[in-house]
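Visitor: Data file model-v3.cif (mmCIF, C-alpha atoms and all ligand atoms) is appended below.
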data_query
#
loop_
_atom_site.label_atom_id
_atom_site.label_comp_id
_atom_site.auth_asym_id
_atom_site.auth_seq_id
_atom_site.Cartn_x
_atom_site.Cartn_y
_atom_site.Cartn_z
CA MET A 1 65.98 122.44 92.57
CA ARG A 2 69.26 121.97 94.23
CA SER A 3 70.83 124.92 95.83
CA ILE A 4 73.80 126.01 93.85
CA LEU A 5 76.69 128.20 94.87
CA ILE A 6 78.61 129.85 92.14
CA ALA A 7 79.67 127.49 89.52
CA ILE A 8 79.14 125.16 92.15
CA SER A 9 77.70 121.85 92.05
CA LEU A 10 76.98 119.72 94.96
CA ILE A 11 79.53 117.05 94.63
CA ALA A 12 78.96 113.85 96.34
CA LEU A 13 81.61 111.59 97.53
CA ALA A 14 83.21 108.77 95.84
CA ALA A 15 83.02 105.90 98.17
CA CYS A 16 86.30 104.39 97.19
CA THR A 17 87.01 101.49 99.40
CA SER A 18 90.57 100.93 100.37
CA GLU A 19 90.88 97.79 98.28
CA THR A 20 89.93 99.58 95.07
CA ASP A 21 91.79 102.81 95.61
CA THR A 22 94.93 101.94 93.72
CA SER A 23 95.55 105.61 92.96
CA ILE A 24 97.10 106.01 96.40
CA ASP A 25 100.22 104.15 95.39
CA GLU A 26 100.30 105.26 91.78
CA ASP A 27 100.24 108.85 92.86
CA ALA A 28 103.25 108.35 95.06
CA THR A 29 105.55 107.95 92.07
CA ALA A 30 104.18 110.75 89.93
CA SER A 31 105.54 114.25 89.72
CA ASP A 32 105.31 117.26 87.50
CA ALA A 33 108.38 118.78 89.09
CA GLY A 34 110.47 118.08 86.02
CA GLY A 35 113.54 115.92 85.81
CA SER A 36 114.00 112.58 87.36
CA ILE A 37 113.02 111.85 90.89
CA THR A 38 115.38 110.02 93.12
CA ALA A 39 114.03 107.84 95.83
CA GLU A 40 115.01 110.43 98.36
CA GLN A 41 113.16 113.21 96.58
CA ALA A 42 109.98 112.80 98.48
CA PRO A 43 107.62 110.63 96.54
CA GLU A 44 105.40 111.31 99.55
CA GLU A 45 105.29 114.93 98.54
CA SER A 46 105.24 114.86 94.78
CA THR A 47 103.72 117.92 93.18
CA SER A 48 101.62 115.95 90.78
CA GLY A 49 98.06 117.10 90.41
CA GLN A 50 95.40 114.52 90.77
CA GLN A 51 92.46 115.09 88.58
CA GLU A 52 88.92 116.08 89.37
CA THR A 53 87.28 115.39 92.63
CA ALA A 54 85.23 112.28 92.23
CA ALA A 55 81.59 113.03 91.80
CA ASP A 56 79.48 109.95 92.03
CA ALA A 57 76.87 110.08 94.74
CA ALA A 58 77.41 107.58 97.46
CA ALA A 59 77.19 107.17 101.18
CA PRO A 60 80.05 108.65 103.16
CA ALA A 61 82.97 106.30 103.23
CA ARG A 62 83.85 105.01 106.68
CA THR A 63 86.89 103.03 105.84
CA GLU A 64 89.57 101.67 108.09
CA GLU A 65 93.16 100.76 107.37
CA THR A 66 93.41 97.32 105.82
CA ARG A 67 96.55 97.70 103.70
CA ASP A 68 99.72 95.91 104.76
CA ARG A 69 102.21 97.88 106.80
CA GLU A 70 105.38 99.11 105.07
CA ALA A 71 107.49 98.39 108.10
CA PRO A 72 105.79 95.54 109.98
CA HIS A 73 109.08 94.66 111.72
CA LEU A 74 108.87 97.91 113.72
CA GLU A 75 106.59 97.40 116.70
CA SER A 76 104.64 100.30 118.11
CA ALA A 77 105.57 101.51 121.58
CA PHE A 78 102.06 101.28 123.00
CA ALA A 79 98.63 99.99 122.08
CA GLY A 80 96.69 102.38 119.87
CA GLN A 81 99.77 104.19 118.50
CA THR A 82 98.69 103.29 114.95
CA ARG A 83 95.59 101.95 113.15
CA ALA A 84 92.97 103.19 115.60
CA PRO A 85 89.49 101.70 115.16
CA ILE A 86 86.67 103.53 113.39
CA PRO A 87 84.85 105.73 115.91
CA ALA A 88 81.40 104.56 116.93
CA ASP A 89 79.84 107.94 116.29
CA SER A 90 79.82 109.78 113.04
CA THR A 91 77.52 111.78 110.84
CA ASP A 92 76.52 112.23 107.21
CA TRP A 93 78.45 114.74 105.15
CA SER A 94 79.01 115.75 101.58
CA ILE A 95 81.28 118.00 99.58
CA GLU A 96 80.62 121.29 97.81
CA THR A 97 82.97 123.10 95.46
CA VAL A 98 83.48 126.73 96.47
CA ALA A 99 86.03 127.93 93.92
CA ARG A 100 88.19 126.61 91.11
CA GLY A 101 91.20 127.55 89.06
CA LEU A 102 93.84 128.01 91.75
CA GLU A 103 97.34 126.75 90.88
CA HIS A 104 98.58 124.36 93.54
CA PRO A 105 96.90 126.17 96.44
CA TRP A 106 98.83 125.53 99.67
CA ALA A 107 96.94 127.29 102.44
CA ILE A 108 93.55 128.81 103.23
CA GLU A 109 92.79 131.42 105.88
CA PHE A 110 89.47 133.12 106.70
CA LEU A 111 89.12 136.89 106.73
CA PRO A 112 86.63 138.42 109.18
CA ASP A 113 83.92 138.83 106.52
CA GLY A 114 84.04 135.21 105.38
CA ALA A 115 86.21 135.72 102.29
CA VAL A 116 89.35 133.62 102.31
CA LEU A 117 93.01 134.19 101.57
CA VAL A 118 94.54 131.39 99.52
CA THR A 119 98.23 130.97 98.75
CA GLU A 120 99.30 129.42 95.47
CA ARG A 121 102.63 127.62 95.77
CA PRO A 122 104.19 129.23 92.67
CA GLY A 123 104.16 132.52 94.61
CA ARG A 124 100.76 134.17 94.56
CA LEU A 125 98.26 135.22 97.24
CA ARG A 126 94.61 135.60 96.23
CA VAL A 127 91.33 136.54 97.86
CA VAL A 128 88.47 134.14 97.22
CA GLY A 129 85.09 135.72 97.86
CA ALA A 130 82.21 134.02 99.60
CA ASP A 131 80.65 133.94 96.13
CA GLY A 132 83.56 131.89 94.78
CA SER A 133 85.17 134.76 92.89
CA VAL A 134 88.97 134.58 92.65
CA SER A 135 90.88 137.88 92.80
CA GLU A 136 93.94 138.97 90.87
CA PRO A 137 97.16 138.19 92.76
CA VAL A 138 97.75 140.43 95.78
CA GLU A 139 100.80 142.63 95.08
CA GLY A 140 103.89 142.71 97.26
CA VAL A 141 104.32 139.03 98.06
CA PRO A 142 108.01 138.24 98.76
CA ALA A 143 110.04 136.49 96.05
CA VAL A 144 109.98 132.74 96.55
CA ASP A 145 112.01 129.75 95.34
CA ASN A 146 109.18 127.78 93.80
CA ARG A 147 111.12 124.78 92.58
CA ASN A 148 109.72 121.37 93.52
CA GLN A 149 108.13 121.60 97.01
CA GLY A 150 109.08 125.24 97.51
CA GLY A 151 107.13 128.43 97.03
CA LEU A 152 104.59 130.52 98.86
CA LEU A 153 103.35 128.27 101.63
CA ASP A 154 101.24 129.16 104.69
CA VAL A 155 99.22 132.32 105.43
CA ALA A 156 97.79 133.34 108.81
CA ILE A 157 96.04 136.55 109.86
CA ALA A 158 97.01 137.96 113.23
CA PRO A 159 94.52 137.74 116.13
CA ASP A 160 94.23 141.55 115.95
CA PHE A 161 93.86 141.63 112.15
CA GLU A 162 90.65 143.65 112.23
CA SER A 163 92.46 146.62 113.74
CA THR A 164 96.02 146.10 112.41
CA ARG A 165 95.47 144.18 109.13
CA THR A 166 98.58 142.17 110.02
CA LEU A 167 99.21 138.82 108.40
CA PHE A 168 102.07 136.35 108.22
CA LEU A 169 103.33 134.33 105.25
CA SER A 170 105.74 131.40 105.25
CA PHE A 171 107.73 130.73 102.11
CA SER A 172 110.87 129.32 100.55
CA GLU A 173 113.34 132.21 100.66
CA PRO A 174 115.75 132.20 97.70
CA HIS A 175 119.38 133.34 97.71
CA ASP A 176 121.69 134.26 94.84
CA ASP A 177 123.99 131.31 95.50
CA GLY A 178 121.18 128.80 94.82
CA THR A 179 120.50 128.01 98.45
CA ASN A 180 117.20 128.66 100.17
CA ASN A 181 115.45 128.30 103.49
CA THR A 182 112.04 128.49 105.08
CA ALA A 183 111.22 132.06 106.08
CA LEU A 184 108.43 133.99 107.77
CA ALA A 185 107.26 137.42 106.62
CA ARG A 186 104.93 139.86 108.33
CA ALA A 187 102.89 142.38 106.33
CA ARG A 188 99.72 144.43 106.33
CA LEU A 189 96.95 143.72 103.85
CA SER A 190 95.74 146.94 102.22
CA GLU A 191 92.16 147.98 102.93
CA ASP A 192 91.17 147.14 99.37
CA ARG A 193 92.97 143.77 99.62
CA THR A 194 95.01 144.33 96.50
CA ALA A 195 98.45 144.69 98.05
CA LEU A 196 100.71 143.88 100.97
CA GLU A 197 102.30 146.85 102.74
CA ASP A 198 105.30 147.08 105.07
CA VAL A 199 106.45 143.58 104.17
CA GLU A 200 109.22 142.44 106.49
CA VAL A 201 110.97 139.07 106.72
CA ILE A 202 111.08 138.44 110.46
CA PHE A 203 112.64 134.97 110.52
CA SER A 204 114.89 132.94 108.23
CA GLN A 205 115.74 129.33 109.01
CA GLN A 206 119.49 128.86 109.50
CA PRO A 207 121.34 127.55 107.65
CA ALA A 208 120.15 128.02 104.08
CA VAL A 209 120.93 124.91 102.05
CA GLU A 210 120.89 123.60 98.49
CA SER A 211 117.65 121.64 98.51
CA THR A 212 114.17 122.01 97.09
CA GLY A 213 112.35 119.87 99.64
CA HIS A 214 111.05 119.61 103.21
CA TYR A 215 110.34 123.23 104.06
CA GLY A 216 107.55 122.56 106.56
CA SER A 217 105.79 124.98 107.16
CA ARG A 218 102.77 126.04 109.18
CA ILE A 219 102.11 129.12 111.27
CA VAL A 220 100.10 128.66 114.50
CA PHE A 221 99.31 131.43 116.99
CA GLN A 222 99.85 130.61 120.64
CA ASP A 223 98.35 133.85 121.95
CA GLU A 224 98.12 137.56 121.18
CA ASP A 225 101.83 138.00 120.53
CA THR A 226 103.56 134.68 120.07
CA LEU A 227 103.43 132.13 117.27
CA TRP A 228 104.95 128.81 116.29
CA LEU A 229 106.48 128.15 112.87
CA THR A 230 107.09 124.54 111.89
CA MET A 231 109.90 123.53 109.57
CA GLY A 232 111.49 120.53 107.88
CA ASP A 233 114.80 118.68 107.71
CA ARG A 234 115.55 119.93 104.14
CA GLN A 235 115.42 116.38 102.84
CA GLY A 236 118.08 113.79 102.47
CA HIS A 237 121.32 112.63 104.00
CA PRO A 238 123.40 114.22 105.40
CA VAL A 239 121.51 117.52 105.84
CA ARG A 240 118.69 115.83 107.76
CA ARG A 241 121.17 114.78 110.48
CA ASN A 242 121.01 118.41 111.58
CA ALA A 243 117.53 117.76 112.97
CA GLN A 244 119.29 116.26 116.02
CA ASP A 245 121.43 119.37 116.51
CA PRO A 246 119.55 122.29 118.11
CA THR A 247 122.39 124.69 117.29
CA ASN A 248 120.62 125.12 113.92
CA HIS A 249 116.96 125.36 112.83
CA ILE A 250 116.85 122.26 110.61
CA GLY A 251 113.96 119.99 111.61
CA THR A 252 112.58 122.25 114.31
CA VAL A 253 109.52 124.11 115.53
CA VAL A 254 110.41 127.68 116.48
CA ARG A 255 108.44 130.04 118.73
CA LEU A 256 108.63 133.76 117.98
CA SER A 257 107.09 137.03 119.01
CA PHE A 258 105.15 138.79 116.26
CA ASP A 259 108.11 141.08 115.55
CA GLY A 260 110.40 138.06 115.10
CA SER A 261 112.14 138.47 118.45
CA VAL A 262 112.67 135.57 120.83
CA PRO A 263 110.23 135.15 123.75
CA GLN A 264 112.37 135.02 126.84
CA ASP A 265 110.61 131.92 128.16
CA ASN A 266 111.66 129.80 125.16
CA PRO A 267 113.37 126.60 126.34
CA PHE A 268 116.88 127.33 125.04
CA VAL A 269 117.12 131.02 125.95
CA GLY A 270 120.37 131.46 127.85
CA HIS A 271 121.84 128.22 126.51
CA GLU A 272 125.35 128.78 125.18
CA GLU A 273 124.95 127.22 121.74
CA ASN A 274 121.39 126.12 121.05
CA ARG A 275 119.25 128.43 118.96
CA PRO A 276 116.97 130.44 121.24
CA GLU A 277 114.10 130.41 118.70
CA ILE A 278 113.70 126.61 119.00
CA TRP A 279 110.63 125.19 120.71
CA SER A 280 111.20 121.51 119.81
CA TYR A 281 113.51 119.56 117.46
CA GLY A 282 114.08 116.18 115.84
CA HIS A 283 111.27 116.67 113.30
CA ARG A 284 111.28 115.52 109.66
CA ASN A 285 108.83 117.71 107.70
CA ILE A 286 105.93 119.30 109.56
CA GLN A 287 103.25 120.37 107.11
CA ALA A 288 100.31 120.29 109.51
CA ALA A 289 99.96 122.06 112.84
CA ALA A 290 97.15 123.38 115.03
CA ARG A 291 96.49 124.46 118.60
CA ASP A 292 93.84 122.63 120.60
CA ALA A 293 91.20 124.22 122.83
CA GLN A 294 93.55 123.98 125.81
CA GLY A 295 96.29 125.87 123.98
CA GLN A 296 98.51 122.86 123.30
CA LEU A 297 100.38 122.68 119.96
CA TRP A 298 99.91 119.55 117.86
CA THR A 299 101.84 118.76 114.68
CA VAL A 300 101.76 116.13 111.96
CA GLU A 301 104.91 115.45 109.97
CA HIS A 302 105.76 113.56 106.84
CA GLY A 303 107.73 110.57 107.99
CA PRO A 304 109.61 108.02 105.96
CA ARG A 305 107.62 105.22 104.24
CA GLY A 306 105.28 104.01 106.96
CA GLY A 307 106.19 106.68 109.49
CA ASP A 308 103.99 109.78 109.19
CA GLU A 309 103.46 110.91 112.75
CA LEU A 310 101.30 113.01 115.09
CA ASN A 311 103.14 114.80 117.89
CA ARG A 312 102.37 117.14 120.78
CA PRO A 313 105.54 119.22 120.77
CA GLU A 314 106.59 120.40 124.21
CA PRO A 315 109.31 122.94 124.91
CA GLY A 316 112.89 121.75 124.54
CA LYS A 317 112.00 118.16 123.68
CA ASN A 318 113.54 115.98 120.97
CA TYR A 319 111.12 114.15 118.66
CA GLY A 320 113.72 111.73 117.41
CA TRP A 321 114.21 112.18 113.67
CA PRO A 322 116.29 110.74 112.08
CA THR A 323 117.76 108.72 114.95
CA ILE A 324 114.46 107.05 115.78
CA SER A 325 111.41 106.68 113.56
CA TYR A 326 108.75 104.32 112.40
CA GLY A 327 108.77 103.41 108.71
CA ILE A 328 111.54 102.68 106.23
CA GLU A 329 113.40 104.76 103.66
CA TYR A 330 111.45 105.53 100.48
CA ARG A 331 114.22 103.79 98.53
CA GLY A 332 113.87 100.79 100.87
CA GLY A 333 115.77 99.71 103.96
CA ASP A 334 115.85 100.91 107.51
CA VAL A 335 116.44 104.54 108.41
CA TYR A 336 119.99 104.34 109.75
CA GLU A 337 119.85 101.80 112.59
CA GLY A 338 116.12 101.16 112.24
CA ARG A 339 115.49 102.22 115.82
CA THR A 340 112.08 103.33 117.07
CA GLU A 341 112.91 104.23 120.67
CA ALA A 342 115.75 105.94 122.49
CA GLU A 343 116.36 107.57 125.84
CA GLY A 344 115.61 111.28 125.74
CA MET A 345 113.56 111.08 122.54
CA GLU A 346 109.78 111.41 122.41
CA GLN A 347 107.37 108.87 120.94
CA PRO A 348 104.77 110.09 118.47
CA VAL A 349 101.23 110.16 119.80
CA TYR A 350 100.21 108.27 116.66
CA PHE A 351 101.71 107.14 113.35
CA TRP A 352 100.45 106.04 109.95
CA ASP A 353 101.81 102.95 108.22
CA PRO A 354 101.23 103.10 105.25
CA VAL A 355 101.55 106.87 105.08
CA ILE A 356 98.85 109.40 104.28
CA ALA A 357 101.31 112.15 103.22
CA PRO A 358 99.85 114.73 105.60
CA SER A 359 99.17 118.36 104.68
CA GLY A 360 97.13 120.83 106.75
CA MET A 361 94.95 120.16 109.78
CA ASP A 362 92.51 121.76 112.18
CA PHE A 363 90.68 120.96 115.39
CA TYR A 364 86.96 121.14 114.74
CA ASP A 365 85.11 123.72 116.82
CA GLY A 366 82.30 124.66 114.45
CA GLU A 367 78.59 124.35 115.03
CA ALA A 368 77.61 122.39 111.93
CA PHE A 369 78.82 118.96 113.08
CA ALA A 370 77.89 118.20 116.69
CA ALA A 371 79.42 114.71 116.47
CA TRP A 372 82.83 116.08 115.49
CA GLN A 373 83.43 118.60 118.27
CA GLY A 374 87.06 118.70 119.32
CA ASP A 375 88.17 116.11 116.77
CA LEU A 376 91.30 116.65 114.70
CA PHE A 377 90.97 116.64 110.89
CA VAL A 378 94.21 115.97 109.00
CA GLY A 379 94.51 116.32 105.23
CA GLY A 380 96.28 113.74 103.09
CA LEU A 381 98.04 114.27 99.77
CA ARG A 382 98.85 110.76 98.73
CA SER A 383 95.85 109.29 100.53
CA GLN A 384 93.45 111.87 99.07
CA LEU A 385 91.46 111.88 102.26
CA VAL A 386 90.83 113.78 105.41
CA SER A 387 91.59 111.72 108.47
CA ARG A 388 89.30 112.40 111.43
CA LEU A 389 91.08 111.60 114.68
CA VAL A 390 89.17 111.24 117.94
CA ILE A 391 91.50 112.10 120.80
CA GLU A 392 91.14 111.33 124.49
CA ASP A 393 93.79 112.02 127.13
CA ALA A 394 96.38 112.85 124.45
CA ARG A 395 95.89 109.49 122.71
CA VAL A 396 94.11 108.72 119.45
CA VAL A 397 91.16 106.44 120.20
CA GLY A 398 89.47 106.50 116.79
CA GLU A 399 90.24 107.26 113.15
CA GLU A 400 87.73 107.75 110.36
CA TRP A 401 88.63 108.44 106.73
CA LEU A 402 86.68 111.02 104.80
CA GLU A 403 87.59 110.15 101.23
CA ILE A 404 87.90 113.26 99.09
CA GLY A 405 89.34 111.91 95.85
CA SER A 406 91.87 114.74 95.45
CA ARG A 407 95.20 115.57 97.06
CA VAL A 408 94.16 117.60 100.11
CA ARG A 409 96.64 120.41 100.88
CA ASP A 410 95.01 122.35 103.72
CA VAL A 411 92.11 121.96 106.15
CA LYS A 412 90.38 124.80 108.01
CA THR A 413 87.11 125.13 109.90
CA GLY A 414 85.02 127.94 108.39
CA PRO A 415 82.86 130.47 110.23
CA ASP A 416 79.82 128.60 108.90
CA GLY A 417 80.99 125.38 110.58
CA ALA A 418 81.85 123.70 107.28
CA ILE A 419 85.33 122.21 106.93
CA TYR A 420 87.16 123.90 104.07
CA LEU A 421 89.85 122.22 101.99
CA VAL A 422 92.17 123.20 99.18
CA THR A 423 93.32 120.61 96.67
CA ASP A 424 96.87 120.28 95.36
CA GLN A 425 96.30 120.38 91.63
CA PRO A 426 97.37 122.55 88.67
CA GLU A 427 93.73 123.63 88.66
CA GLY A 428 93.19 123.41 92.37
CA GLN A 429 89.90 123.96 94.15
CA VAL A 430 88.46 125.21 97.39
CA LEU A 431 86.04 122.57 98.67
CA ARG A 432 83.96 122.37 101.80
CA ILE A 433 82.57 119.48 103.80
CA VAL A 434 78.99 120.22 104.83
CA PRO A 435 76.40 118.32 106.89
CA GLY A 436 74.00 115.90 105.28
CA GLY A 437 74.38 113.13 102.80
CA ALA A 438 74.80 113.80 99.12
CA GLU A 439 71.61 114.87 97.44
CA ALA A 440 70.37 112.73 94.61
CA GLU A 441 71.04 114.03 91.14
CA GLY A 442 68.09 115.43 89.22
CA CA A 501 109.47 111.40 115.66
#
Do you think you could lay out the structure here as structure tokens?
Guide:
Amino acid sequence: MRSILIAISLIALAACTSETDTSIDEDATASDAGGSITAEQAPEESTSGQQETAADAAAPARTEETRDREAPHLESAFAGQTRAPIPADSTDWSIETVARGLEHPWAIEFLPDGAVLVTERPGRLRVVGADGSVSEPVEGVPAVDNRNQGGLLDVAIAPDFESTRTLFLSFSEPHDDGTNNTALARARLSEDRTALEDVEVIFSQQPAVESTGHYGSRIVFQDEDTLWLTMGDRQGHPVRRNAQDPTNHIGTVVRLSFDGSVPQDNPFVGHEENRPEIWSYGHRNIQAAARDAQGQLWTVEHGPRGGDELNRPEPGKNYGWPTISYGIEYRGGDVYEGRTEAEGMEQPVYFWDPVIAPSGMDFYDGEAFAAWQGDLFVGGLRSQLVSRLVIEDARVVGEEWLEIGSRVRDVKTGPDGAIYLVTDQPEGQVLRIVPGGAEAEG
């Protein structure tokens, strides 16, 4: 008899090959956000729910990119900057369902006892037990603007959570005049996990704007008292032009102390006009971020069509958007001058053309998959896959697709060494990737 977790069936993978997976492009035009969608309104980030995770047993897919590029006229800056080969080493894996019935879950975070916190984009925080049970919403979550891409976004527990019960939430902060911005709140989770206490908004992106897109936003801890928060360009011309202007927070990564104050070694501290919170700028919409074993921050951002990119943001540097970028506008045509390189602007470590529509990511450091140690796993919404990137000397030397069959919204290594995912669906799930091929039915 198969082992069964709660309501949980062992779900094998659909081995969709790239040539049959037409849902990738169909999904890019769907949305349940209501109203019409303009080309600029992020088809890469539609809120449509894809249906059930595919469940036919099959060998793990080890696909490589064979689709045509969206912007073949834009040449990469160096060999291996896109379309890395499939890594020589891999391993068998399969998918289990851990929990169901979460509405557009956005982030997953492990508590010390193995239960997980899950945010739901409409504005709820829940505790999912190791047995798959889903709690009532935790009380005290800040009000959010949950239109379109907005809502309750990332959650991260502080390194000293076991003694302080401190956690951080990122969200779309609403204002009475209809504007909003990405914000970061700090709170304590009550002992019984039913409520947040001492909730305090410690950072609000400036300026607030009238937009319902491109909020970022991931929280990554650098050490015991500093964190990075990633943000977006707030979508569309002309607001996105602000990503090149570090006197505001549009299109930036900021670095903060846990009380929201500015670390005095931030790159623009003491500068007359630039915002002292900024770590790096020139970003489009960073929805994935993680720190590697050496302490370096890595980010993945939604680019234009054919320009999703992996970066290694360093202090004070400019990552180019929207002045330089790979890819083309979603409505067609070059992004401004169609430039990919400029003096003083950083190249991405890697880019995807066509896009994957990235979500969350994590460096793998678990014990369950020896072959995957140190590799970076990046979730994809539109692509419905997890991209495994093998990195050497700050370059991507291999990419393997783990095809999930659902829009993947966050990726996190669990204490058991499994890789946990949440799926962006009206009835979203917590899934986990575990060692071993799919077991035969019956
Ligand atoms: Ca860039």
Visitor: From the set A:Glu329, A:Asp89, A:Glu314, A:Glu341, which residue has the shortest atom-to-atom contact distance to Leu389 in chain A, counting all atoms listed in the file?
Guide: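 Going through A:Glu329, A:Asp89, A:Glu314, A:Glu341 one by one, the smallest distance to Leu389 in chain A is for A:Asp89.
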Visitor: I need the residue nearest Thr423 in chain A from this list: A:Arg275, A:Arg100, A:His283, A:Arg165. Use only C-alpha atoms for the distance.
Guide: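 Answer, going by the shortest atom-to-atom distance: A:Arg100.
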Visitor: List as JSON lines every residue of chain A that is in contact with ligand CA 501 (chain A), defined as an atom at most 6 Å from one of its atoms (using all atoms listed in the file), together with the nearest atom pair and the distance in Å rounded to one decimal, sorted by chain and then rising number.
Guide:
{"residue": "A:Tyr319", "atom": "CA", "partner": "A:CA501", "partner_atom": "CA", "distance": 4.4}
{"residue": "A:Gly320", "atom": "CA", "partner": "A:CA501", "partner_atom": "CA", "distance": 4.6}
{"residue": "A:Trp321", "atom": "CA", "partner": "A:CA501", "partner_atom": "CA", "distance": 5.2}
{"residue": "A:Ser325", "atom": "CA", "partner": "A:CA501", "partner_atom": "CA", "distance": 5.5}
{"residue": "A:Pro348", "atom": "CA", "partner": "A:CA501", "partner_atom": "CA", "distance": 5.6}
Visitor: For the point (114.2, 115.5, 105.2) in the file's frame, write as number ranges by chain all residues with an atom no more than 10 Å away, counting all atoms listed in the file.
Guide: A: 40-42, 211, 213-216, 232-243, 250-251, 283-285, 302-304, 321-322
Visitor: Taking all atoms listed in the file into account, name the residue in A:Ala99, A:Leu421, A:Val335, A:Ala130 that is nearest to Gly114 in chain A.
Guide: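 Of the candidates, the smallest distance to Gly114 in chain A is held by A:Ala130.
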Visitor: Go ahead and find all residues with at least one atom no further than 8 Å from (101.6, 117.0, 116.5) in the file's coordinates, using all atoms listed in the file; report them as a compact mmCIF listing (two decimals) with C-alpha atoms, keeping the file's coordinate frame.
Guide:
# COMPACT_ATOMS: atom_id res chain seq x y z
CA ALA A 288 100.31 120.29 109.51
CA ALA A 289 99.96 122.06 112.84
CA ALA A 290 97.15 123.38 115.03
CA LEU A 297 100.38 122.68 119.96
CA TRP A 298 99.91 119.55 117.86
CA THR A 299 101.84 118.76 114.68
CA VAL A 300 101.76 116.13 111.96
CA GLU A 301 104.91 115.45 109.97
CA GLU A 309 103.46 110.91 112.75
CA LEU A 310 101.30 113.01 115.09
CA ASN A 311 103.14 114.80 117.89
CA ARG A 312 102.37 117.14 120.78
CA PRO A 313 105.54 119.22 120.77
CA PRO A 348 104.77 110.09 118.47
CA VAL A 349 101.23 110.16 119.80
Visitor: Nearest to Glu367 in chain A among A:Ala88, A:Val254, A:Ala143, A:Ile419, with distances taken over only C-alpha atoms: which residue is it?
Guide: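 Of the candidates, the smallest distance to Glu367 in chain A is held by A:Ile419.
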Visitor: Using only C-alpha atoms, find each residue in range 124-231 of chain A having at least one atom no more than 7 Å away from range 255-261 of chain A; report its shortest atom-to-atom pair and that distance in Å (one decimal), rows by chain then rising number, as CSV.
Guide:
residue,atom,partner,partner_atom,distance
A:Ile202,CA,A:Gly260,CA,4.7
A:Phe203,CA,A:Gly260,CA,6.0
A:Asp225,CA,A:Phe258,CA,5.5
A:Thr226,CA,A:Ser257,CA,4.4
A:Leu227,CA,A:Leu256,CA,5.5
A:Trp228,CA,A:Arg255,CA,4.4
A:Leu229,CA,A:Arg255,CA,6.5
Visitor: Near Ala71 in chain A, within 8 Å and counting all atoms listed in the file, which residues show up once chain neighbours fewer than 6 positions away are dropped, as an mmCIF file with C-alpha atoms, keeping the file's coordinate frame?
Guide:
data_model
loop_
_atom_site.group_PDB
_atom_site.id
_atom_site.type_symbol
_atom_site.label_atom_id
_atom_site.label_comp_id
_atom_site.auth_asym_id
_atom_site.auth_seq_id
_atom_site.Cartn_x
_atom_site.Cartn_y
_atom_site.Cartn_z
ATOM 1 C CA ARG A 305 107.620 105.220 104.240
ATOM 2 C CA GLY A 306 105.280 104.010 106.960
ATOM 3 C CA TYR A 326 108.750 104.320 112.400
ATOM 4 C CA GLY A 327 108.770 103.410 108.710
ATOM 5 C CA ILE A 328 111.540 102.680 106.230
ATOM 6 C CA ASP A 353 101.810 102.950 108.220
#
Visitor: Do you have the CA of Asp375 in chain A-CA of Phe363 in chain A distance handy?
Guide: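 Between CA of Asp375 in chain A and CA of Phe363 in chain A the gap works out to 5.6 Å.
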Visitor: Report, in Å to a single decimal, how far apart CA of Gln287 in chain A and CA of Ile86 in chain A are.
Guide: 24.5 Å
Visitor: Ranking A:Thr82, A:Gln425, A:Thr247, A:Thr413 by minimum distance to Glu109 in chain A and counting all atoms listed in the file, which one comes first?
Guide: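 Among the listed residues, A:Thr413 lies closest to Glu109 in chain A.
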Visitor: Between CA of Leu152 in chain A and CA of Asp131 in chain A, what is the distance in Å, rounded to a tenth?
Guide: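 Interatomic distance here is 24.3 Å.
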